[in-house]
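A.B. asks: Below you will find the structure I want to go over with you.
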Amino acid sequence: MNQIESQINELENYLGFSTNRLEINLESKWNEIFSYDLLQRFYNKDDELKTAINKAINILTMLIKSNNGNNKQISDHFSLLGNMYYIMGDFNKSIGCFMKSLSYNKNDLTGWVELMFSIRAYGDFRIFEDIIFNLEKAYRLWKNDTGHELTKEKMLSLIDRAKRIS
Amino acid sequence: MALLVSNILNPYIPKKFGREYYDVNGSLQYPMFAAVALGVKPLFDDWVSADKYQEYADMCSKYGLEVVPDIIFIAPKDGKKGIIGGENITTTYAKGIKFGKNIDNGNVHVFVSKTRSMALEAKKFGWYPAVINNRATNKPYIDHIRFGRCLGFPNCCIDFFRKYNNWHLYSNPYETLKNTPAINRKARGSYYCNNFLMDHTYSLIHHLPCSYRCQETIMFAKKVEEKIMDVEPDFVEKAAEALKKPLLVFSERNFILFDGFMAKHDDNFSIDYKRCQYFQNTARPEDAIDFFDYVGEGNNIIISKGKIMIRDDNSALKTIEKKPEWFAINFD
Ligand SMILES: [Zn+2]
């Protein structure tokens with residue numbers, strides 16, 4: 001077992017569940033049970049949450065450096081990290097993580113759902129509504145986009161275009 | 001003897017306090033409006049007919065309350081079949097559209113508080129899974145905790161529903177019952193902790209309590225009762241009367257209210273009743289019971305471990321298999 005795999009194993013043992021998530025598309029519902037499990041694990045356990053966040057950051061650093069081509073794995077770990085920041089209440093960071101998660105895997109609708117709720121929790125209700133009312137279009141536009149990095153500007157321009165498609 | 005199946009609960013028309021609220025929005029959420037206006041509760045959320053939104057906001061402002069709108073909920077034409085995430089819809093089944101002041105159909109979901117900042121904070125975590133583009137999406141679970149805090153729920157109850165407010169795994173009311181101590185010669189629950197009528201006018205709380213004798217909930221509900229007593233004593237009297245009636249509970253928002261009396265004999269419960277009213281969860285037609293007509297015809301119901309027997313005087317009308325999470329409860 002290589003170092004990354006053993007670190008992932010260690011994190012999964014710490015969490016009590018797998019970090020590997022089922023990819024969902026427009027035909028499937030968002031699986032909120034992952035957010036339920038994370039909440040049960042870290043409710044009122046801020047120190048343990050910080051430890052898990054550090055473990056996830058280490059894994060992500062190694063995964064990105066190793067350039068192993070497993071973008072879904074990187075995307076899943078950004079999603080996990082975003083969910084942990086969400087529980088901590090750092091919505092700015094969770095927004096960043098979900099945009100990264102979508103940058104590494106454009107096929108997974110999960111990132112859009114998690115991103116829009118982070119944006120709502122951040123207090124940007126207008127953007128939240130623009131996404132949820134145009135979710136399918138935003139998802140398709142990004143999936144077919146030639147860009148690799150979903151930045152805030154890119155996201156806003158995608159949503160703007162999605163709103164104009166009738 | 002066939003009995004009348006008629007409404008036991010009627011709307012409450014305030015004599016003095018909050019009459020303007022009733023005039024705009026009826027009485028279903030009247031006690032929560034009063035609790036927030038009287039400063040016992042930090043915030044409540046409500047639904048107001050879109051064409052009356054401005055009237056509602058103006059009325060609230062007279063009581064020193066700020067209103068922040070969310071989206072508009074429109075009654076759907078069809079059932080939940082085919083909706084992606086349809087099983088996520090547990091309390092309110094509606095289509096969602098963006099709020100706009102020139103929209104005159106549907107109901108606006110609103111957050112109401114003494115300060116605008118509190119209402120905005122609640123909006124961050126107060127999403128309901130309205131159907132948008134044929135998809136219903138639940139918010140992340142921790143938002144229930146954050147929203148509960150905004151609404152001023154007791155910590156013990158927030159902690160309880162953190163675990164049990166998961167329709168995939170638990171029946172929250174049944175878990176609450178299991179967490180309620182049985183006290184000799186007393187009813188099972190305190191009427192202060194009776195949340196079943198919370199969307200039907202007569203309630204002093206608007207949360208799922210951790211126990212039907214939760215001390216924090218009782219303390220909170222007593223404060224609400226005291227404050228309303230000063231301004232609208234008739235409501236307090238009517239609420240206490242309604243909240244002490246026995247119930248047969250199937251799931252959250254799905255129960256029968258009896259105008260009658262419940263007695264316990266060993267492990268069996270017997271309810272003698274003059275009238276009964278069925279409340280079903282319109283968002284979950286799949287949970288509706290199909291034997292209420294028999295209950296309406298009878299005047300006594302016996303709830304034992306695995307069975308429910310409906311009787312008319314001394315003859316049995318119908319016997320039904322009881323699901324483990326169904327229970328009878330009375331309040332004092
Ligand atoms: Zn409690």
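Letters for chains follow the order of the structure tokens (A, B, ...), residue numbers begin at 1 for each chain, and ligand numbers begin at 1 in the order shown.
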Mind running chain B against chain A at 8 Å and telling me each contacting residue's nearest atom pair with the distance in Å (one decimal), counting only C-alpha atoms, chain and number ascending, as CSV?

C.D. replies:
```
residue,atom,partner,partner_atom,distance
B:Ile84,CA,A:Lys29,CA,5.6
B:Gly85,CA,A:Lys29,CA,5.0
B:Lys98,CA,A:Glu129,CA,7.5
B:Leu120,CA,A:Gly123,CA,7.7
B:Glu121,CA,A:Gly123,CA,7.7
B:Lys124,CA,A:Ala121,CA,4.6
B:Phe125,CA,A:Ala121,CA,6.3
B:Ile132,CA,A:Phe133,CA,6.4
B:Asn133,CA,A:Phe133,CA,7.2
B:Arg135,CA,A:Lys29,CA,7.7
B:Ala136,CA,A:Lys29,CA,8.0
B:Thr137,CA,A:Trp30,CA,6.8
B:Asn138,CA,A:Glu32,CA,6.9
B:Lys139,CA,A:Phe117,CA,6.9
B:Pro140,CA,A:Ser35,CA,5.7
B:Tyr141,CA,A:Tyr36,CA,5.4
B:Ile142,CA,A:Leu39,CA,6.2
B:Arg162,CA,A:Gln40,CA,7.6
B:Lys163,CA,A:Gln40,CA,7.1
```

A.B. asks: Show me which residues line ligand 1, defined as having an atom within 6 Å of a ligand atom where only C-alpha atoms and all ligand atoms count, and present them as an MDAnalysis selection string.

C.D. replies: chainID B and resid 154 156:157 209:210 214 216:217

A.B. asks: Neighbours of A:Tyr14 within 10 Å (only C-alpha atoms; same-chain residues fewer than 2 positions away dropped), as a list in words?

C.D. replies: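 Here the qualifying residues turn out to be Ile8, Asn9, Glu10, Leu11, Glu12, Gly16, Phe17, Arg41, Glu48, Thr51, Ala52 and Lys55 of chain A.
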
A.B. asks: For the selection you just gave me, I'd like the residues written to a file as a CSV table (one decimal), in the first residue's frame, keeping C-alpha atoms.

C.D. replies:
```
chain,number,residue,atom,x,y,z
A,8,ILE,CA,-6.8,7.7,3.1
A,9,ASN,CA,-7.3,4.5,5.1
A,10,GLU,CA,-6.3,6.3,8.3
A,11,LEU,CA,-8.7,9.2,7.5
A,12,GLU,CA,-11.6,6.8,6.8
A,16,GLY,CA,-15.9,5.9,10.4
A,17,PHE,CA,-17.0,5.8,6.8
A,41,ARG,CA,-19.5,12.3,13.7
A,48,GLU,CA,-11.6,16.3,16.1
A,51,THR,CA,-7.8,17.0,13.0
A,52,ALA,CA,-9.9,15.5,10.2
A,55,LYS,CA,-5.7,14.9,7.4
```

A.B. asks: Set the distance at 10 Å and use only C-alpha atoms: which residues neighbour A:Lys50 once local chain neighbours fewer than 6 positions away are removed? I'd like the list as a list in words.

C.D. replies: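 Close residues of A:Lys50: Phe42, Ala56, Met84, Tyr85 and Met88 of chain A.
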
A.B. asks: Hey, what's within 8 Å of stretch 36-52 of chain B if we count only C-alpha atoms and toss same-chain stuff fewer than 5 positions away? As a list in words, please?

C.D. replies: Val24, Asn25, Gln29, Tyr63, Gly64, Leu65, Ile72, Lys101, Ile103, Asp104, Asn105, Gly106, Asn107, Val108, His109, Val110, Phe111, Val112, Ser113, Lys114, Met118, Ala119, Cys150, Leu151, Gly152, Lys223, Val224, Lys227 and Ile228 of chain B

A.B. asks: Check the DSSP output for the backbone and give back, as a PyMOL selection string, the residues of stretch 80-166 of chain A in helix (DSSP H, G or I).

C.D. replies: chain A and resi 80-88+91-104+110-122+125-132+135-143+152-164

A.B. asks: Report as a list in words all protein, DNA and RNA residues lying within 8 Å of stretch 183-186 of chain B, evaluated on only C-alpha atoms, omitting residues in the same chain fewer than 2 positions from it.

C.D. replies: Pro181, Arg188 and Asp332 of chain B

A.B. asks: Excluding B:Ser211 and residues on its chain fewer than 5 positions from it, collect all residues at most 10 Å away from it, counting only C-alpha atoms, and give them as number ranges by chain.

C.D. replies: B: 156-157, 160, 173-181, 189-190, 193-194, 216-217

A.B. asks: Can you spit out the residues from that selection as a CSV table (one decimal), in the first residue's frame, using all heavy atoms?

C.D. replies:
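Result went into out18.csv, see below:
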```
chain,number,residue,atom,x,y,z
B,156,CYS,N,-31.4,20.7,24.2
B,156,CYS,CA,-31.6,19.3,24.4
B,156,CYS,C,-32.5,18.8,23.2
B,156,CYS,O,-32.2,17.7,22.7
B,156,CYS,CB,-32.3,18.9,25.7
B,156,CYS,SG,-33.7,19.9,26.1
B,157,CYS,N,-33.4,19.5,22.8
B,157,CYS,CA,-34.3,19.1,21.7
B,157,CYS,C,-33.6,19.2,20.4
B,157,CYS,O,-33.8,18.3,19.5
B,157,CYS,CB,-35.6,19.9,21.7
B,157,CYS,SG,-36.5,19.9,23.3
B,160,PHE,N,-31.5,16.2,20.2
B,160,PHE,CA,-32.3,15.0,19.9
B,160,PHE,C,-32.6,14.9,18.5
B,160,PHE,O,-32.5,13.8,17.9
B,160,PHE,CB,-33.5,15.1,20.8
B,160,PHE,CG,-34.3,13.8,20.9
B,160,PHE,CD1,-33.8,12.8,21.8
B,160,PHE,CD2,-35.4,13.5,20.2
B,160,PHE,CE1,-34.5,11.6,21.9
B,160,PHE,CE2,-36.1,12.3,20.3
B,160,PHE,CZ,-35.6,11.4,21.1
B,173,PRO,N,-41.4,11.2,16.5
B,173,PRO,CA,-42.3,11.2,17.6
B,173,PRO,C,-42.2,9.9,18.5
B,173,PRO,O,-42.2,10.0,19.7
B,173,PRO,CB,-43.7,11.2,17.0
B,173,PRO,CG,-43.5,11.7,15.6
B,173,PRO,CD,-42.1,11.4,15.2
B,174,TYR,N,-42.0,8.8,17.8
B,174,TYR,CA,-41.8,7.5,18.5
B,174,TYR,C,-40.6,7.5,19.4
B,174,TYR,O,-40.6,7.0,20.5
B,174,TYR,CB,-41.8,6.3,17.5
B,174,TYR,CG,-41.8,5.0,18.2
B,174,TYR,CD1,-42.7,4.6,19.2
B,174,TYR,CD2,-40.8,4.0,17.8
B,174,TYR,CE1,-42.6,3.4,19.8
B,174,TYR,CE2,-40.8,2.8,18.4
B,174,TYR,CZ,-41.7,2.5,19.4
B,174,TYR,OH,-41.6,1.2,20.0
B,175,GLU,N,-39.5,8.1,18.8
B,175,GLU,CA,-38.2,8.2,19.6
B,175,GLU,C,-38.5,9.1,20.8
B,175,GLU,O,-37.9,8.9,21.9
B,175,GLU,CB,-37.1,8.7,18.7
B,175,GLU,CG,-36.7,7.8,17.6
B,175,GLU,CD,-36.3,6.4,18.0
B,175,GLU,OE1,-35.7,6.3,19.1
B,175,GLU,OE2,-36.6,5.4,17.3
B,176,THR,N,-39.2,10.2,20.6
B,176,THR,CA,-39.5,11.1,21.7
B,176,THR,C,-40.3,10.4,22.8
B,176,THR,O,-40.0,10.5,24.0
B,176,THR,CB,-40.3,12.3,21.2
B,176,THR,OG1,-39.5,13.0,20.3
B,176,THR,CG2,-40.7,13.3,22.3
B,177,LEU,N,-41.3,9.6,22.3
B,177,LEU,CA,-42.1,8.8,23.3
B,177,LEU,C,-41.2,7.9,24.1
B,177,LEU,O,-41.3,7.8,25.4
B,177,LEU,CB,-43.1,8.0,22.6
B,177,LEU,CG,-44.0,7.1,23.5
B,177,LEU,CD1,-45.1,8.0,24.1
B,177,LEU,CD2,-44.6,5.9,22.8
B,178,LYS,N,-40.3,7.2,23.5
B,178,LYS,CA,-39.4,6.2,24.2
B,178,LYS,C,-38.5,7.0,25.2
B,178,LYS,O,-38.0,6.4,26.1
B,178,LYS,CB,-38.5,5.5,23.1
B,178,LYS,CG,-39.3,4.4,22.4
B,178,LYS,CD,-38.4,3.5,21.7
B,178,LYS,CE,-37.9,4.0,20.3
B,178,LYS,NZ,-37.0,3.1,19.6
B,179,ASN,N,-38.3,8.3,24.9
B,179,ASN,CA,-37.4,9.1,25.8
B,179,ASN,C,-38.2,9.8,26.9
B,179,ASN,O,-37.7,10.6,27.6
B,179,ASN,CB,-36.7,10.1,24.9
B,179,ASN,CG,-35.4,10.7,25.6
B,179,ASN,OD1,-34.8,10.0,26.4
B,179,ASN,ND2,-35.2,12.0,25.4
B,180,THR,N,-39.5,9.5,26.9
B,180,THR,CA,-40.4,10.1,27.9
B,180,THR,C,-40.6,9.2,29.1
B,180,THR,O,-41.1,8.1,28.9
B,180,THR,CB,-41.8,10.4,27.2
B,180,THR,OG1,-41.5,11.2,26.1
B,180,THR,CG2,-42.7,11.2,28.2
B,181,PRO,N,-40.3,9.7,30.3
B,181,PRO,CA,-40.5,8.8,31.5
B,181,PRO,C,-42.0,8.6,31.7
B,181,PRO,O,-42.8,9.5,31.6
B,181,PRO,CB,-39.8,9.6,32.6
B,181,PRO,CG,-39.9,11.0,32.2
B,181,PRO,CD,-39.8,11.0,30.7
B,189,GLY,N,-47.6,12.6,28.7
B,189,GLY,CA,-46.9,13.8,28.4
B,189,GLY,C,-47.5,15.1,29.1
B,189,GLY,O,-48.6,15.1,29.6
B,190,SER,N,-46.7,16.1,29.1
B,190,SER,CA,-47.2,17.4,29.5
B,190,SER,C,-47.7,18.2,28.3
B,190,SER,O,-47.1,18.1,27.3
B,190,SER,CB,-46.0,18.2,30.1
B,190,SER,OG,-46.3,19.6,30.1
B,193,CYS,N,-45.6,20.2,26.1
B,193,CYS,CA,-44.7,19.5,25.2
B,193,CYS,C,-45.4,18.9,24.0
B,193,CYS,O,-44.9,18.2,23.2
B,193,CYS,CB,-43.9,18.4,25.9
B,193,CYS,SG,-42.8,19.0,27.2
B,194,ASN,N,-46.7,19.1,23.9
B,194,ASN,CA,-47.5,18.6,22.8
B,194,ASN,C,-47.3,19.5,21.6
B,194,ASN,O,-47.8,20.6,21.5
B,194,ASN,CB,-49.0,18.6,23.3
B,194,ASN,CG,-49.9,18.0,22.2
B,194,ASN,OD1,-49.5,17.8,21.0
B,194,ASN,ND2,-51.2,17.8,22.5
B,216,GLU,N,-36.9,21.7,29.6
B,216,GLU,CA,-36.6,23.0,28.9
B,216,GLU,C,-37.8,23.5,28.1
B,216,GLU,O,-38.1,24.7,28.0
B,216,GLU,CB,-35.4,22.8,27.9
B,216,GLU,CG,-34.1,22.5,28.6
B,216,GLU,CD,-33.4,23.7,29.2
B,216,GLU,OE1,-33.5,24.8,28.5
B,216,GLU,OE2,-32.8,23.7,30.3
B,217,THR,N,-38.4,22.5,27.4
B,217,THR,CA,-39.6,22.8,26.6
B,217,THR,C,-40.7,23.3,27.5
B,217,THR,O,-41.4,24.3,27.2
B,217,THR,CB,-40.1,21.6,25.8
B,217,THR,OG1,-39.0,21.2,25.0
B,217,THR,CG2,-41.3,21.9,25.0
```

A.B. asks: Closest to A:Gly96 among A:Thr151, A:Asn13, A:Ser66, A:Thr146, using only C-alpha atoms?

C.D. replies: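 Among the listed residues, the smallest separation from A:Gly96 belongs to A:Thr151.
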
A.B. asks: Please report the interatomic distance between atom CA of A:Lys152 and atom CA of A:Leu102 in Å with one decimal.

C.D. replies: 11.8 Å

A.B. asks: To one decimal in Å, tell me the separation between atom CA of B:Ser315 and atom CA of B:Leu9.

C.D. replies: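 Straight-line distance from atom CA of B:Ser315 to atom CA of B:Leu9 works out to 28.3 Å.
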
A.B. asks: Which value, in Å to one decimal, gives the distance between atom CA of B:Met219 and atom CA of B:Pro31?

C.D. replies: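 Straight-line distance from atom CA of B:Met219 to atom CA of B:Pro31 works out to 16.0 Å.
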
A.B. asks: Let me make sure I understand: among B:Glu252, B:Pro129, B:Ile303, B:Met32, which one has the smallest atom-to-atom distance to B:Asn165 if we use only C-alpha atoms?

C.D. replies: B:Glu252
